[in-house]
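Student: You'll find model.cif just under this line, and it carries mmCIF, C-alpha atoms.
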data_target
#
loop_
_atom_site.label_atom_id
_atom_site.label_comp_id
_atom_site.auth_asym_id
_atom_site.auth_seq_id
_atom_site.Cartn_x
_atom_site.Cartn_y
_atom_site.Cartn_z
CA MET A 137 -40.93 43.20 7.55
CA ALA A 138 -37.96 45.56 6.94
CA ARG A 139 -38.54 45.36 3.16
CA SER A 140 -42.25 46.05 3.63
CA ALA A 141 -41.52 49.09 5.80
CA SER A 142 -39.01 50.49 3.33
CA SER A 143 -41.46 49.89 0.48
CA SER A 144 -44.16 51.76 2.35
CA ALA A 145 -41.76 54.61 3.05
CA ALA A 146 -40.83 54.73 -0.64
CA ALA A 147 -44.51 54.87 -1.57
CA VAL A 148 -45.24 57.66 0.93
CA TRP A 149 -42.29 59.67 -0.36
CA ALA A 150 -43.27 59.09 -4.01
CA ILE A 151 -46.86 60.19 -3.34
CA LEU A 152 -45.71 63.28 -1.45
CA ARG A 153 -43.41 64.30 -4.30
CA LYS A 154 -46.12 63.67 -6.86
CA GLU A 155 -48.61 65.76 -4.91
CA CYS A 156 -46.16 68.64 -4.59
CA ARG A 157 -45.32 68.51 -8.28
CA SER A 158 -48.99 68.32 -9.32
CA GLU A 159 -49.99 71.20 -7.06
CA TRP A 160 -47.09 73.32 -8.25
CA ARG A 161 -48.08 72.79 -11.88
CA THR A 162 -51.81 73.36 -11.43
CA ARG A 163 -51.84 75.59 -8.29
CA TYR A 164 -55.47 74.62 -8.07
CA GLY A 165 -55.75 74.33 -4.27
CA LEU A 166 -53.09 76.93 -3.56
CA ASN A 167 -54.81 79.67 -5.52
CA ALA A 168 -58.17 78.92 -3.92
CA ALA A 169 -56.80 78.90 -0.38
CA LEU A 170 -54.61 81.97 -0.74
CA LEU A 171 -57.35 83.91 -2.50
CA PHE A 172 -59.78 83.14 0.28
CA ALA A 173 -57.33 84.00 3.05
CA ILE A 174 -56.11 87.24 1.53
CA THR A 175 -59.59 88.39 0.53
CA SER A 176 -60.98 87.66 4.00
CA LEU A 177 -58.18 89.50 5.73
CA ALA A 178 -58.39 92.45 3.40
CA GLY A 179 -62.15 92.67 3.82
CA VAL A 180 -62.08 92.59 7.60
CA SER A 181 -59.14 94.97 7.70
CA PHE A 182 -61.07 97.50 5.60
CA ALA A 183 -64.15 97.04 7.75
CA VAL A 184 -62.74 97.28 11.27
CA GLY A 185 -59.08 98.28 10.89
CA PRO A 186 -56.38 97.23 13.37
CA LEU A 187 -57.87 95.61 16.46
CA GLY A 188 -55.22 96.81 18.86
CA ASP A 189 -55.22 94.79 22.05
CA ARG A 190 -58.43 92.82 21.38
CA THR A 191 -56.51 89.57 21.52
CA ASP A 192 -59.70 87.54 22.02
CA ILE A 193 -61.07 88.65 18.65
CA LEU A 194 -57.67 88.43 17.00
CA SER A 195 -57.30 84.81 18.12
CA GLY A 196 -60.73 83.82 16.84
CA MET A 197 -60.28 85.62 13.52
CA LEU A 198 -56.90 84.08 12.82
CA TRP A 199 -58.17 80.55 13.25
CA VAL A 200 -61.41 81.15 11.38
CA VAL A 201 -59.40 82.35 8.39
CA LEU A 202 -57.02 79.38 8.61
CA LEU A 203 -59.88 76.92 9.11
CA PHE A 204 -61.87 78.06 6.11
CA ALA A 205 -58.77 78.29 3.94
CA ALA A 206 -58.12 74.67 4.89
CA LEU A 207 -61.71 73.61 4.18
CA ALA A 208 -61.52 75.31 0.78
CA SER A 209 -58.50 73.31 -0.30
CA LEU A 210 -57.58 70.24 1.75
CA SER A 211 -60.46 68.15 0.44
CA HIS A 212 -58.90 68.14 -3.02
CA ALA A 213 -56.21 65.66 -2.03
CA PHE A 214 -58.59 62.75 -2.59
CA VAL A 215 -61.40 64.32 -4.57
CA ARG A 216 -58.89 65.05 -7.33
CA GLU A 217 -58.07 61.32 -7.58
CA ILE A 218 -61.75 60.44 -7.95
CA GLU A 219 -62.58 63.14 -10.47
CA GLY A 220 -59.43 62.45 -12.48
CA HIS A 221 -60.10 58.68 -12.32
CA THR A 222 -56.55 58.12 -11.05
CA LEU A 223 -57.49 56.24 -7.86
CA THR A 224 -57.10 52.91 -9.66
CA LEU A 225 -53.54 53.81 -10.60
CA LEU A 226 -52.82 54.87 -7.03
CA ARG A 227 -54.26 51.67 -5.57
CA LEU A 228 -52.07 49.62 -7.89
CA VAL A 229 -48.83 51.22 -6.74
CA ALA A 230 -49.30 51.88 -3.02
CA THR A 231 -51.12 50.56 0.01
CA PRO A 232 -54.08 52.60 1.31
CA THR A 233 -52.07 53.53 4.41
CA ALA A 234 -49.17 54.80 2.32
CA ILE A 235 -51.61 56.79 0.20
CA GLY A 236 -53.18 58.31 3.31
CA LEU A 237 -49.83 59.18 4.87
CA GLY A 238 -48.51 60.69 1.65
CA LYS A 239 -51.61 62.85 1.32
CA LEU A 240 -51.43 63.87 4.99
CA LEU A 241 -47.82 64.98 4.67
CA PHE A 242 -48.73 66.95 1.58
CA ASN A 243 -51.62 68.62 3.37
CA LEU A 244 -49.27 69.59 6.20
CA ILE A 245 -46.82 71.18 3.79
CA PHE A 246 -49.70 72.84 1.99
CA LEU A 247 -51.03 74.33 5.22
CA ALA A 248 -47.54 75.52 6.13
CA VAL A 249 -47.30 77.39 2.83
CA ILE A 250 -50.74 78.97 3.36
CA GLU A 251 -49.80 80.03 6.86
CA ALA A 252 -46.45 81.41 5.74
CA VAL A 253 -48.41 83.93 3.68
CA THR A 254 -51.51 84.35 5.82
CA VAL A 255 -50.09 84.73 9.33
CA PRO A 256 -47.62 87.57 8.62
CA LEU A 257 -50.32 89.32 6.59
CA PHE A 258 -52.75 88.87 9.45
CA LEU A 259 -50.35 90.30 12.02
CA LEU A 260 -49.58 93.21 9.73
CA LEU A 261 -53.17 94.12 8.79
CA MET A 262 -54.96 93.39 12.04
CA GLY A 263 -52.44 94.92 14.40
CA GLY A 264 -52.35 93.52 17.88
CA PRO A 265 -49.42 93.02 20.23
CA PRO A 266 -46.37 91.04 19.10
CA PRO A 267 -46.90 87.34 19.76
CA LYS A 268 -44.84 85.32 22.22
CA TRP A 269 -43.19 83.62 19.27
CA GLY A 270 -42.33 80.30 20.91
CA ARG A 271 -45.83 79.67 22.27
CA PHE A 272 -47.47 81.16 19.20
CA ALA A 273 -45.51 78.85 16.90
CA LEU A 274 -46.27 75.84 19.11
CA VAL A 275 -50.02 76.42 18.98
CA LEU A 276 -49.90 77.19 15.27
CA ILE A 277 -47.94 74.02 14.47
CA LEU A 278 -50.02 71.71 16.68
CA GLY A 279 -53.26 73.25 15.49
CA SER A 280 -52.18 72.81 11.88
CA VAL A 281 -51.23 69.17 12.42
CA ALA A 282 -54.62 68.47 14.00
CA LEU A 283 -56.40 70.36 11.22
CA ALA A 284 -54.53 68.52 8.47
CA ALA A 285 -55.04 65.11 10.06
CA ALA A 286 -58.79 65.59 10.45
CA CYS A 287 -59.31 67.12 7.00
CA THR A 288 -57.26 64.38 5.32
CA LEU A 289 -59.28 61.65 7.01
CA VAL A 290 -62.65 63.22 6.21
CA SER A 291 -61.55 63.84 2.64
CA ALA A 292 -60.56 60.18 2.25
CA ILE A 293 -63.91 59.03 3.64
CA ILE A 294 -66.18 61.25 1.55
CA ALA A 295 -64.14 61.26 -1.68
CA GLN A 296 -66.21 58.55 -3.36
CA THR A 297 -69.60 59.92 -2.30
CA ARG A 298 -71.90 62.10 -4.32
CA GLY A 299 -72.16 65.71 -3.20
CA ARG A 300 -68.71 65.41 -1.70
CA GLY A 301 -68.12 69.15 -1.92
CA ALA A 302 -70.94 70.00 0.46
CA LEU A 303 -70.39 66.86 2.48
CA PHE A 304 -66.76 67.67 3.24
CA ALA A 305 -67.54 70.95 4.99
CA GLY A 306 -70.55 69.50 6.79
CA ALA A 307 -68.67 66.40 7.97
CA SER A 308 -65.51 68.30 8.90
CA LEU A 309 -66.90 71.13 10.98
CA PRO A 310 -68.13 69.09 13.96
CA LEU A 311 -64.82 67.23 14.02
CA LEU A 312 -62.82 70.41 13.83
CA LEU A 313 -64.58 72.31 16.62
CA PRO A 314 -62.27 70.90 19.31
CA VAL A 315 -59.26 71.95 17.25
CA LEU A 316 -60.71 75.39 16.74
CA ALA A 317 -61.51 75.81 20.43
CA ALA A 318 -58.09 74.69 21.67
CA ALA A 319 -56.19 76.64 19.02
CA VAL A 320 -58.14 79.86 19.67
CA LYS A 321 -57.71 79.54 23.44
CA GLY A 322 -54.00 78.80 23.10
CA THR A 323 -53.43 81.69 20.72
CA ARG A 324 -55.27 84.06 23.05
CA ALA A 325 -53.41 82.72 26.09
CA GLN A 326 -49.98 83.41 24.58
CA TRP A 327 -51.03 86.99 23.82
CA GLN A 328 -52.34 87.48 27.34
CA GLY A 329 -49.14 86.18 28.92
CA GLY A 330 -50.56 82.82 29.97
CA THR A 331 -49.31 79.30 29.39
CA VAL A 332 -50.46 77.11 26.49
CA GLY A 333 -49.72 73.72 28.05
CA ALA A 334 -53.32 72.60 28.40
CA GLU A 335 -54.29 73.62 24.86
CA ALA A 336 -51.14 72.05 23.43
CA SER A 337 -51.96 68.79 25.21
CA ILE A 338 -55.46 68.79 23.77
CA LEU A 339 -54.15 69.38 20.25
CA ILE A 340 -51.53 66.65 20.59
CA ALA A 341 -54.09 64.18 21.92
CA TYR A 342 -56.56 65.08 19.18
CA ALA A 343 -53.98 64.75 16.41
CA ALA A 344 -52.76 61.43 17.81
CA ALA A 345 -56.32 60.09 18.05
CA VAL A 346 -57.24 61.13 14.51
CA PHE A 347 -53.96 59.77 13.19
CA GLY A 348 -54.56 56.46 14.95
CA VAL A 349 -58.09 56.17 13.59
CA SER A 350 -56.78 57.03 10.14
CA LEU A 351 -54.27 54.18 10.22
CA LEU A 352 -57.07 51.80 11.17
CA LEU A 353 -59.51 53.05 8.54
CA TYR A 354 -57.39 53.68 5.46
CA ASP A 355 -57.06 50.00 4.58
CA HIS A 356 -60.83 49.66 4.43
CA LEU A 357 -61.82 52.89 2.77
CA TRP A 358 -61.42 52.06 -0.90
CA GLU A 359 -62.16 48.35 -0.91
CA ASP A 360 -64.82 47.73 -3.57
CA MET B 215 -36.13 34.17 -22.75
CA SER B 216 -36.34 37.84 -23.74
CA ALA B 217 -33.94 40.34 -22.25
CA ALA B 218 -36.89 42.22 -20.83
CA LEU B 219 -37.75 39.38 -18.53
CA ALA B 220 -34.20 38.39 -17.78
CA GLY B 221 -34.41 40.14 -14.43
CA ALA B 222 -37.78 38.71 -13.52
CA VAL B 223 -38.00 36.27 -10.69
CA LEU B 224 -38.96 32.91 -12.12
CA CYS B 225 -41.66 31.58 -9.88
CA SER B 226 -44.65 29.42 -10.47
CA LEU B 227 -47.95 31.19 -10.48
CA THR B 228 -51.34 29.58 -10.00
CA LEU B 229 -54.84 31.01 -9.91
CA GLU B 230 -57.69 28.96 -8.57
CA ALA B 231 -61.26 30.26 -8.48
CA ALA B 232 -64.22 28.50 -6.89
CA GLY B 233 -67.70 29.87 -7.47
CA LEU B 234 -66.30 33.35 -7.99
CA ALA B 235 -69.07 35.89 -8.57
CA HIS B 236 -69.72 39.62 -8.21
CA ARG B 237 -72.79 41.82 -8.14
CA TYR B 238 -72.98 45.60 -8.57
CA GLY B 239 -75.98 46.23 -6.38
CA ARG B 240 -78.88 44.43 -8.06
CA ARG B 241 -76.97 43.91 -11.27
CA ARG B 242 -74.94 40.78 -11.90
CA GLY B 243 -71.38 41.64 -12.80
CA LEU B 244 -69.95 38.14 -12.94
CA ASP B 245 -71.80 34.86 -12.77
CA PRO B 246 -70.33 32.09 -10.57
CA LEU B 247 -67.11 30.92 -12.16
CA SER B 248 -64.60 28.23 -11.29
CA PHE B 249 -61.25 27.67 -12.96
CA ARG B 250 -57.61 26.84 -12.39
CA VAL B 251 -54.79 28.26 -14.47
CA ALA B 252 -51.04 28.24 -14.00
CA SER B 253 -47.97 29.83 -15.49
CA PRO B 254 -46.40 29.89 -17.95
CA GLY B 255 -48.94 30.73 -20.61
CA VAL B 256 -51.59 33.04 -21.93
CA VAL B 257 -55.23 32.79 -20.95
CA ALA B 258 -57.69 34.40 -23.33
CA LEU B 259 -60.79 35.57 -21.47
CA THR B 260 -63.69 36.00 -23.85
CA GLY B 261 -67.39 36.64 -23.63
CA PRO B 262 -70.11 39.07 -24.72
CA ASN B 263 -70.24 42.65 -23.48
CA GLY B 264 -71.28 42.73 -19.85
CA SER B 265 -70.38 39.11 -19.20
CA GLY B 266 -67.84 40.08 -16.54
CA LYS B 267 -64.45 40.02 -18.27
CA SER B 268 -63.31 43.33 -16.79
CA THR B 269 -64.90 42.44 -13.46
CA LEU B 270 -62.92 39.21 -13.33
CA LEU B 271 -59.66 40.99 -14.14
CA ARG B 272 -60.30 43.53 -11.39
CA ILE B 273 -60.96 40.73 -8.90
CA VAL B 274 -57.75 38.96 -9.90
CA ALA B 275 -55.85 42.25 -9.61
CA GLY B 276 -57.17 42.71 -6.08
CA LEU B 277 -59.08 45.87 -6.97
CA LEU B 278 -62.49 44.35 -6.38
CA ARG B 279 -63.77 41.92 -3.78
CA PRO B 280 -65.90 39.04 -5.03
CA THR B 281 -69.43 39.01 -3.67
CA THR B 282 -69.34 35.22 -3.33
CA GLY B 283 -66.83 32.48 -3.96
CA SER B 284 -63.10 32.50 -3.53
CA LEU B 285 -59.97 33.20 -5.47
CA SER B 286 -56.54 31.96 -4.54
CA VAL B 287 -53.49 33.42 -6.23
CA ALA B 288 -50.17 31.84 -5.35
CA PHE B 289 -46.75 33.14 -6.32
CA GLY B 290 -44.14 30.41 -5.93
CA GLY B 291 -46.60 28.33 -3.91
CA GLU B 292 -47.28 31.14 -1.46
CA SER B 293 -50.83 32.50 -1.43
CA VAL B 294 -51.01 36.27 -1.74
CA SER B 295 -53.77 38.51 -0.37
CA ALA B 296 -55.70 40.89 -2.59
CA ALA B 297 -53.95 43.90 -1.03
CA ALA B 298 -50.50 42.45 -1.73
CA ARG B 299 -51.52 41.27 -5.19
CA ARG B 300 -52.39 44.82 -6.30
CA LEU B 301 -48.77 45.82 -5.89
CA ARG B 302 -47.35 42.82 -7.75
CA VAL B 303 -49.47 42.42 -10.87
CA GLY B 304 -49.26 44.31 -14.13
CA PHE B 305 -52.71 45.71 -14.93
CA ALA B 306 -53.90 47.63 -17.95
CA SER B 307 -57.51 48.46 -18.69
CA PRO B 308 -59.41 51.21 -20.51
CA GLU B 309 -60.43 52.73 -17.16
CA LEU B 310 -56.80 53.22 -16.09
CA ALA B 311 -56.08 56.95 -16.11
CA PHE B 312 -52.90 58.91 -15.54
CA TYR B 313 -52.14 62.32 -14.11
CA ASP B 314 -52.74 64.95 -16.79
CA GLU B 315 -50.26 67.39 -15.28
CA LEU B 316 -47.43 64.85 -15.50
CA SER B 317 -45.66 63.53 -18.57
CA ALA B 318 -45.76 59.89 -19.65
CA GLU B 319 -42.31 59.37 -18.16
CA GLU B 320 -43.20 61.14 -14.93
CA ASN B 321 -46.32 59.05 -14.47
CA LEU B 322 -44.38 55.81 -14.88
CA THR B 323 -41.46 56.99 -12.75
CA PHE B 324 -43.91 57.86 -9.99
CA ALA B 325 -45.51 54.44 -10.25
CA ALA B 326 -42.13 52.69 -10.23
CA GLU B 327 -40.94 54.72 -7.28
CA ALA B 328 -44.12 54.05 -5.29
CA ARG B 329 -43.77 50.33 -5.95
CA GLY B 330 -40.22 50.44 -4.64
CA LEU B 331 -38.47 49.46 -7.85
CA PRO B 332 -34.66 49.90 -7.57
CA ASP B 333 -34.17 52.43 -10.36
CA PRO B 334 -37.55 54.05 -11.08
CA GLY B 335 -36.33 56.27 -13.92
CA ALA B 336 -34.66 53.40 -15.73
CA ALA B 337 -37.67 51.15 -15.19
CA ALA B 338 -39.97 53.80 -16.66
CA GLY B 339 -37.66 54.34 -19.61
CA ALA B 340 -37.40 50.64 -20.31
CA ALA B 341 -41.17 50.21 -20.19
CA LEU B 342 -41.72 53.12 -22.58
CA GLU B 343 -39.08 51.71 -24.91
CA ARG B 344 -40.81 48.31 -24.99
CA VAL B 345 -44.10 49.83 -26.15
CA GLY B 346 -42.53 52.23 -28.64
CA LEU B 347 -43.36 55.39 -26.69
CA ALA B 348 -39.83 56.52 -25.77
CA ALA B 349 -39.91 59.43 -28.24
CA ARG B 350 -42.97 60.88 -26.50
CA ALA B 351 -41.79 60.24 -22.95
CA ARG B 352 -41.73 63.91 -21.99
CA ASP B 353 -45.12 64.80 -23.42
CA LEU B 354 -47.95 65.46 -21.00
CA VAL B 355 -50.62 62.77 -21.03
CA PRO B 356 -53.34 64.96 -22.67
CA GLU B 357 -50.90 65.58 -25.55
CA LEU B 358 -50.84 61.87 -26.37
CA SER B 359 -53.33 60.37 -28.80
CA SER B 360 -55.74 57.68 -27.60
CA GLY B 361 -53.49 55.01 -29.13
CA MET B 362 -50.44 56.40 -27.36
CA GLN B 363 -52.32 56.53 -24.09
CA GLN B 364 -53.18 52.87 -24.61
CA ARG B 365 -49.47 52.14 -25.10
CA LEU B 366 -48.81 54.06 -21.88
CA ARG B 367 -51.26 51.75 -20.07
CA LEU B 368 -49.36 48.78 -21.45
CA ALA B 369 -46.07 50.31 -20.33
CA PHE B 370 -47.48 50.79 -16.84
CA ALA B 371 -48.50 47.15 -16.71
CA LEU B 372 -44.97 46.11 -17.72
CA LEU B 373 -43.20 48.10 -14.98
CA GLY B 374 -40.88 45.89 -13.00
CA ALA B 375 -41.58 42.82 -15.16
CA PRO B 376 -44.46 41.45 -13.06
CA PRO B 377 -45.07 37.69 -13.13
CA LEU B 378 -48.81 38.19 -13.78
CA LEU B 379 -50.05 40.47 -16.53
CA LEU B 380 -53.74 41.38 -16.68
CA LEU B 381 -54.67 43.07 -19.94
CA ASP B 382 -58.19 44.29 -20.64
CA GLU B 383 -58.68 44.90 -24.36
CA PRO B 384 -55.02 45.84 -24.85
CA GLY B 385 -55.39 46.37 -28.59
CA SER B 386 -58.10 49.02 -28.40
CA HIS B 387 -57.17 52.24 -30.22
CA LEU B 388 -53.93 50.67 -31.44
CA ASP B 389 -52.66 50.65 -35.02
CA GLU B 390 -51.07 47.60 -36.67
CA GLU B 391 -47.71 48.34 -35.13
CA GLY B 392 -49.30 48.74 -31.71
CA CYS B 393 -51.15 45.45 -32.04
CA ALA B 394 -47.87 43.78 -33.03
CA THR B 395 -46.31 45.28 -29.91
CA VAL B 396 -49.05 43.76 -27.77
CA ALA B 397 -48.49 40.37 -29.40
CA ARG B 398 -44.74 40.61 -28.81
CA VAL B 399 -45.18 41.64 -25.18
CA VAL B 400 -47.66 38.83 -24.56
CA ASP B 401 -45.31 36.27 -26.13
CA GLU B 402 -42.39 37.50 -24.04
CA GLN B 403 -44.44 37.43 -20.86
CA ALA B 404 -45.75 33.94 -21.57
CA GLU B 405 -42.20 32.55 -21.51
CA ALA B 406 -41.82 32.99 -17.77
CA GLY B 407 -45.09 34.33 -16.46
CA LEU B 408 -48.82 34.35 -16.98
CA VAL B 409 -50.99 36.65 -19.05
CA ILE B 410 -54.75 36.93 -18.74
CA LEU B 411 -56.08 38.73 -21.76
CA ALA B 412 -59.69 39.94 -21.77
CA THR B 413 -60.69 40.50 -25.36
CA ASN B 414 -63.19 39.95 -28.12
CA ASP B 415 -60.62 40.64 -30.80
CA GLU B 416 -59.95 37.46 -32.75
CA ARG B 417 -56.27 38.35 -33.21
CA GLU B 418 -55.76 38.69 -29.47
CA THR B 419 -57.83 35.61 -28.72
CA LYS B 420 -55.43 33.57 -30.86
CA LEU B 421 -52.56 34.60 -28.60
CA GLY B 422 -54.08 32.51 -25.84
CA THR B 423 -52.84 29.01 -25.07
CA GLN B 424 -55.80 28.52 -22.74
CA ARG B 425 -59.27 30.00 -22.82
CA ILE B 426 -61.94 31.00 -20.34
CA GLU B 427 -65.22 31.79 -22.02
CA LEU B 428 -67.84 33.68 -20.06
CA ARG B 429 -71.21 32.65 -21.39
CA ARG B 430 -74.13 34.87 -20.51
CA ARG B 431 -76.62 37.07 -22.30
CA GLY B 432 -74.38 39.96 -21.43
CA LEU B 433 -74.92 43.70 -20.95
CA GLY B 434 -74.89 43.28 -17.17
CA ASP B 435 -78.08 41.34 -16.67
CA PRO B 436 -80.18 42.33 -13.68
CA ALA B 437 -81.06 39.80 -11.03
#
Show the structure stored in the file as structure tokens.

Tutor:
Amino acid sequence: MARSASSSAAAVWAILRKECRSEWRTRYGLNAALLFAITSLAGVSFAVGPLGDRTDILSGMLWVVLLFAALASLSHAFVREIEGHTLTLLRLVATPTAIGLGKLLFNLIFLAVIEAVTVPLFLLLMGGPPPKWGRFALVLILGSVALAAACTLVSAIIAQTRGRGALFAGASLPLLLPVLAAAVKGTRAQWQGGTVGAEASILIAYAAAVFGVSLLLYDHLWED
Amino acid sequence: MSAALAGAVLCSLTLEAAGLAHRYGRRRGLDPLSFRVASPGVVALTGPNGSGKSTLLRIVAGLLRPTTGSLSVAFGGESVSAAARRLRVGFASPELAFYDELSAEENLTFAAEARGLPDPGAAAGAALERVGLAARARDLVPELSSGMQQRLRLAFALLGAPPLLLLDEPGSHLDEEGCATVARVVDEQAEAGLVILATNDERETKLGTQRIELRRRGLGDPA
């Protein structure tokens, strides 16, 4: 059991490192996500300018930009394996659960990089009051974890289907609405001086549920 | 025994199939097949195109579930599930692809690391050395010729000296030296393990000490 656990950990770590190296060399997903985020922000900024104290709109806009940047890029984690015909190689070196976990960790890091660029740019271009950094970071982190978990699972499920590009967005959006709602409410609450406990609880429960379902499903997803 | 297999765990290996068959939708991929083979040795798997040679190798590797029938693979008397088998066999087939953005060495090091081999870099280097690809270790996969990519597949199959080697047309795209490498690798493996070699090449067929012949019209007959 101990050897099996350490082998799985080694596989997860190897997959994570491979994903990071591949993305760094191709920058395929990174360029797409950053281009979308920066273009969206620039466009809205030119159109409406700083939004001042409209924290309700600011909250919604921030998460719409992050959501669509995620949808534009997080599906590639598995689609790339199918289109590059490397899924056979992956299945021969790691268990489906290790593959799923490795991809999930990569997607989390990927989202963190996107947000490291997007969020400061958003705060700079769109104006608005300074965030309550502790609560803001909490909602951002939990929302990102929930987003990454859901997108990774959907990507794994639809990767071997035809029309997976369109299917990913269509299958993801209904699942991501609770994340969007809780994240927007929490972000707005911290700007308006309120607490974010309820929204944080929802995001934690959602992420835990999706993660649990993922662990149950991964072993069955690529069985031919 | 060759130095390459000196570190391999010597354990008996048996494969027993009963009525093993697979369908791809309406199309028959493998007709019902029963056999029993054991290590050490080389099993040559022959048959016309579409008779199910590749399908059978994928089932043995644990990559494909049989539609009907059963397959038991036991390492040292202990039966191993398909999921566990995938991580223990050496598998090389024309469909096996590598990551284009990584070099030959990086692909194998990744595979060795994911499989939990003690020294992934050394394991990758040793595998590349065995197939004569060490000089091109740092080249990206697209920079390798089709023959070199075939050698890379063979190197991948040899990672960690697995007790069961599944080779699907290992000599395709290979020159004389490459074919000699395949023969040498198969001979070394047969000393302590089992090789199942799917081929229609007479030279490779002769490497087999046992033979399974799939007899069907071929070309993936419909129902």

Student: Just checking: using all atoms listed in the file, which residue out of B:Val345, B:Val257, B:Ala325, B:Ala297 ends up closest to Val399 in chain B?

Tutor: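 Using all atoms listed in the file, the shortest distance to Val399 in chain B belongs to B:Val345.
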
Student: Which residue gives the smallest distance to Thr269 in chain B among B:Val251, B:Val287, B:Ala318, B:Ala412, with all atoms listed in the file counted?

Tutor: B:Ala412

Student: Report, in Å to a single decimal, how far apart CA of Ser158 in chain A and CA of Phe214 in chain A are.

Tutor: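 So the two atoms, CA of Phe214 in chain A and CA of Ser158 in chain A, lie 13.0 Å apart.
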
Student: As a check of understanding, name the residues that the PyMOL selection byres ((chain B) within 8 of (chain A)) selects in the supplied structure, as a PDB file with C-alpha atoms, in the coordinates of the input.

Tutor:
ATOM      1  CA  LEU B 277     -59.080  45.870  -6.970  1.00  0.00           C
ATOM      2  CA  LEU B 278     -62.490  44.350  -6.380  1.00  0.00           C
ATOM      3  CA  ARG B 279     -63.770  41.920  -3.780  1.00  0.00           C
ATOM      4  CA  ALA B 297     -53.950  43.900  -1.030  1.00  0.00           C
ATOM      5  CA  ARG B 300     -52.390  44.820  -6.300  1.00  0.00           C
ATOM      6  CA  LEU B 301     -48.770  45.820  -5.890  1.00  0.00           C
ATOM      7  CA  GLU B 309     -60.430  52.730 -17.160  1.00  0.00           C
ATOM      8  CA  LEU B 310     -56.800  53.220 -16.090  1.00  0.00           C
ATOM      9  CA  ALA B 311     -56.080  56.950 -16.110  1.00  0.00           C
ATOM     10  CA  PHE B 312     -52.900  58.910 -15.540  1.00  0.00           C
ATOM     11  CA  TYR B 313     -52.140  62.320 -14.110  1.00  0.00           C
ATOM     12  CA  GLU B 315     -50.260  67.390 -15.280  1.00  0.00           C
ATOM     13  CA  LEU B 316     -47.430  64.850 -15.500  1.00  0.00           C
ATOM     14  CA  PHE B 324     -43.910  57.860  -9.990  1.00  0.00           C
ATOM     15  CA  ALA B 325     -45.510  54.440 -10.250  1.00  0.00           C
ATOM     16  CA  ALA B 326     -42.130  52.690 -10.230  1.00  0.00           C
ATOM     17  CA  GLU B 327     -40.940  54.720  -7.280  1.00  0.00           C
ATOM     18  CA  ALA B 328     -44.120  54.050  -5.290  1.00  0.00           C
ATOM     19  CA  ARG B 329     -43.770  50.330  -5.950  1.00  0.00           C
ATOM     20  CA  GLY B 330     -40.220  50.440  -4.640  1.00  0.00           C
TER      21      GLY B 330
END

Student: What is the CA of Ile340 in chain A to CA of Leu177 in chain A distance in Å?

Tutor: 28.1 Å

Student: Name the closest residue to Leu247 in chain A among the candidates A:Leu260, A:Leu198, A:Leu170, A:Leu312; distances are taken between atoms, counting only C-alpha atoms.

Tutor: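 Once distances to Leu247 in chain A are computed over only C-alpha atoms, the minimum belongs to A:Leu170.
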
Student: I want to know what sits within 6 Å of Gly276 in chain B, based on all atoms listed in the file, with residues of the same chain fewer than 3 positions away left out; could you give that as a PyMOL selection string?

Tutor: chain B and resi 273+296+299-300

Student: Given the PyMOL selection byres ((chain A and resi 329) around 12) and the file above, list the residues it selects as a list in words.

Tutor: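 In the shown coordinates, the PyMOL selection byres ((chain A and resi 329) around 12) covers Thr191, Pro265, Pro266, Pro267, Lys268, Trp269, Arg271, Phe272, Gly322, Thr323, Arg324, Ala325, Gln326, Trp327, Gln328, Gly330, Thr331 and Val332 of chain A.
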
Student: Using only C-alpha atoms, please write the residues we just selected to a file, as a PDB file, keeping the file's coordinate frame.

Tutor:
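Dumped everything to selection_25.pdb:
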ATOM      1  CA  THR A 191     -56.510  89.570  21.520  1.00  0.00           C
ATOM      2  CA  PRO A 265     -49.420  93.020  20.230  1.00  0.00           C
ATOM      3  CA  PRO A 266     -46.370  91.040  19.100  1.00  0.00           C
ATOM      4  CA  PRO A 267     -46.900  87.340  19.760  1.00  0.00           C
ATOM      5  CA  LYS A 268     -44.840  85.320  22.220  1.00  0.00           C
ATOM      6  CA  TRP A 269     -43.190  83.620  19.270  1.00  0.00           C
ATOM      7  CA  ARG A 271     -45.830  79.670  22.270  1.00  0.00           C
ATOM      8  CA  PHE A 272     -47.470  81.160  19.200  1.00  0.00           C
ATOM      9  CA  GLY A 322     -54.000  78.800  23.100  1.00  0.00           C
ATOM     10  CA  THR A 323     -53.430  81.690  20.720  1.00  0.00           C
ATOM     11  CA  ARG A 324     -55.270  84.060  23.050  1.00  0.00           C
ATOM     12  CA  ALA A 325     -53.410  82.720  26.090  1.00  0.00           C
ATOM     13  CA  GLN A 326     -49.980  83.410  24.580  1.00  0.00           C
ATOM     14  CA  TRP A 327     -51.030  86.990  23.820  1.00  0.00           C
ATOM     15  CA  GLN A 328     -52.340  87.480  27.340  1.00  0.00           C
ATOM     16  CA  GLY A 330     -50.560  82.820  29.970  1.00  0.00           C
ATOM     17  CA  THR A 331     -49.310  79.300  29.390  1.00  0.00           C
ATOM     18  CA  VAL A 332     -50.460  77.110  26.490  1.00  0.00           C
TER      19      VAL A 332
END

Student: Determine the nearest neighbour of Ala252 in chain A from the options A:Val215, A:Ala173, A:Leu316, A:Leu237, counting all atoms listed in the file.

Tutor: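 Of the candidates, the smallest distance to Ala252 in chain A is held by A:Ala173.
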
Student: Residues near Val400 in chain B, anyone? I mean within 9 Å using only C-alpha atoms, not counting same-chain ones fewer than 5 positions away, as a list of chain:residue names.

Tutor: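 So, after excluding close chain neighbours, the residues are B:Val256, B:Leu379, B:Thr395, B:Glu405, B:Leu408, B:Val409, B:Leu411, B:Leu421.
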